[in-house]
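Below: the structure, in structure tokens.
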Amino acid sequence: MDVDGTTALFALSGQPFIGLELKVTNLPSDPAQPQADGDDAHEAQLLVNLPASLHYSGVRALDPAEKPLCLSNENASHVECELGNPMKRDAQITFYLILSTSGITIETTELEVELLLATISEQELHPVSARARVFIELPLSITGVAIPQQLFFSGVVRGESAMRSERDVGSKVKYEVTVSNQGQSLNTLGSAFLNIMWPHEIANGKWLLYPMRVELEGGQGPGPKGLCSPRPNILHLDVDNRDRRRRELEQPRQQEPHEQLEPSTSWWPVSSAEKKKNVTLDCAWNTANCIVFSCPLYSFDRAAVLHVWGRLWNSTFLEEYSAVKSLEVIVRANITVKSSIKNLVLRDASTVIPVMVYLDPVAVVAEGVPWWVILLAVLAGLLVLALLVLLMWKMGFFKRARYPEATVPQYHAVKIPREDRQQFKEEKTGTILRSNWGSPRREAPDAHPILAADGHPELGSDGHSGPGTA
């Protein structure tokens with residue numbers, strides 16, 4: 001018979017256990033000559049001796065028919081498993097011993113389990129040791145967020161000596177880095193440090209993100225509250241009093257809305273016209289220079305939050321990146337542990353916090369265009385307007401439409417002497433002459449009736465007065 005043991009770490013009902021996989025075989029010692037030896041093993045047993053850090057908890061098998069009967073002593077340090085009576089030749093049995101790890105301490109680096117097969121049949125059996133290395137994994141996780149996640153730079157270019165208050169620097173940004181601990185307190189394992197790599201300069205040494213304040217909430221030890229090194233605000237700029245009053249009056253985190261942004265960080269629609277490229281500023285890519293703020297986490301039960309306030313240095317962006325479509329500024333954070341424990345493992349102990357930066361379109365109009373460009377644009381516009389007017393004048397656009405004068409009938413007045421007027425003659429003789437309305441009178445326009453000696457018109461051959469003759 002032969003036995004082989006391997007270990008696997010898994011959780012059962014919320015408690016850590018080690019599963020010791022055991023594979024027992026009853027095969028011939030020489031597969032080339034299977035008939036030379038090999039026989040059934042009567043009263044086959046497996047004896048397991050456990051170290052003080054492990055305790056027997058139970059047995060499991062993939063096939064319930066192969067599950068052996070295992071019994072342990074009072075302190076669960078010695079286990080005896082019945083493999084069969086007899087255990088047939090060429091038989092194979094695989095099962096798992098469930099071992100409790102409650103006795104494992106931070107000083108435990110290796111586990112060793114002694115295995116010994118026993119049978120009343122004649123077989124040459126040797127003890128086997130199953131070894132496993134122990135690693136202590138800290139259940140620490142880290143996450144980060146930037147408020148806001150998009151920034152806009154604007155304003156005028158100012159030198160470092162002209163900065164008096166943090167509002168003179170540029171847009172405000174706040175980073176929150178949260179460290180969660182789901183395991184035991186750190187004071188039993190060592191000292192953990194939360195590190196944030198702050199990109200304070202671009203590659204040529206100009207300011208990028210100016211650090212104003214660094215505060216740690218939770219995880220404090222006996223020293224000063226929230227003590228991180230090095231100290232921020234190396235230019236000793238005046239702190240915005242509005243932010244200070246807001247922090248004094250702020251409510252608990254679960255009821256606290258995100259603080260309002262300043263006008264320079266407004267959500268202005270970004271135009272991509274005349275933009276050239278995208279730029280990433282990251283210390284890991286050597287496109288920025290970082291200063292590392294390190295905060296000790298002496299002990300905390302559930303979570304510790306690091307708050308970092310900073311300002312976007314507008315002058316650098318106006319000088320270096322005014323023709324860039326967008327920029328991505330990367331802030332990195334991680335956890336390091338200083339401990340004398342050599343087998344300590346820390347997973348998921350880093351995070352990346354990106355922030356997008358754009359040029360405010362208002363800055364392009366107000367500050368980004370030189371005065372001579374505006375002057376040339378105005379002169380060019382006037383020249384184009386003059387050429388357009390000249391072209392329209394040549395094409396007769398400004399000529400007024402002329403209409404022909406209307407023809408009006410012309411009449412010539414003829415003065416008739418008073419003595420020749422009909423009314424005068426009627427008044428003089430007292431006789432009213434009535435013209436014959438039954439027949440038309442055909443007279444020339446300038447004809448006058450011929451009067452007799454008595455004043456009456458002469459009658460023609462048809463009985464009507466005839467026209468006068470010259």
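By order in the structure tokens, chains are A, B, ...; within a chain, residues start at 1; ligands start at 1, following the order shown.
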ask   = Running DSSP on the backbone, which parts of range 126-189 of chain A land in strand (DSSP E or B), as a ChimeraX atom specification?
value = /A:128-133,136-138,140-147,150-153,165,172-181
query = Taking only C-alpha atoms into account, which of A:His200, A:Lys277, A:His307, A:Arg302 comes nearest Glu215 in chain A?
reply = A:His307
key: helix (DSSP H, G or I) per DSSP on the backbone: members of range 55-181 of chain A, as a ChimeraX atom specification   = /A:64-66,160-162,166-168
Go ahead and write the selection's residues with N, CA and C atoms as a short mmCIF file (atom, residue, chain, number, x, y, z; two decimals), in the first residue's frame.
data_model
loop_
_atom_site.label_atom_id
_atom_site.label_comp_id
_atom_site.auth_asym_id
_atom_site.auth_seq_id
_atom_site.Cartn_x
_atom_site.Cartn_y
_atom_site.Cartn_z
N PRO A 64 -19.36 8.76 -1.76
CA PRO A 64 -19.74 8.32 -0.40
C PRO A 64 -19.40 6.86 -0.12
N ALA A 65 -19.34 6.03 -1.19
CA ALA A 65 -19.01 4.62 -0.95
C ALA A 65 -17.57 4.45 -0.51
N GLU A 66 -16.70 5.39 -0.82
CA GLU A 66 -15.29 5.30 -0.45
C GLU A 66 -14.98 6.00 0.86
N GLU A 160 4.76 81.91 -9.20
CA GLU A 160 4.62 81.35 -7.86
C GLU A 160 4.65 82.42 -6.79
N SER A 161 5.43 83.48 -7.01
CA SER A 161 5.53 84.54 -6.01
C SER A 161 4.25 85.37 -5.91
N ALA A 162 3.39 85.28 -6.93
CA ALA A 162 2.13 86.05 -6.91
C ALA A 162 1.02 85.33 -6.19
N GLU A 166 -5.09 80.01 -1.66
CA GLU A 166 -5.29 78.82 -2.48
C GLU A 166 -6.23 79.08 -3.64
N ARG A 167 -7.10 80.08 -3.53
CA ARG A 167 -7.99 80.42 -4.63
C ARG A 167 -7.24 81.01 -5.81
N ASP A 168 -6.03 81.52 -5.57
CA ASP A 168 -5.22 82.05 -6.67
C ASP A 168 -4.61 80.95 -7.53
#
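Distances from A:Val324, A:Leu115, A:Val173, A:Ala288 to Leu151 in chain A were compared using only C-alpha atoms, and the smallest one belongs to A:Val173.
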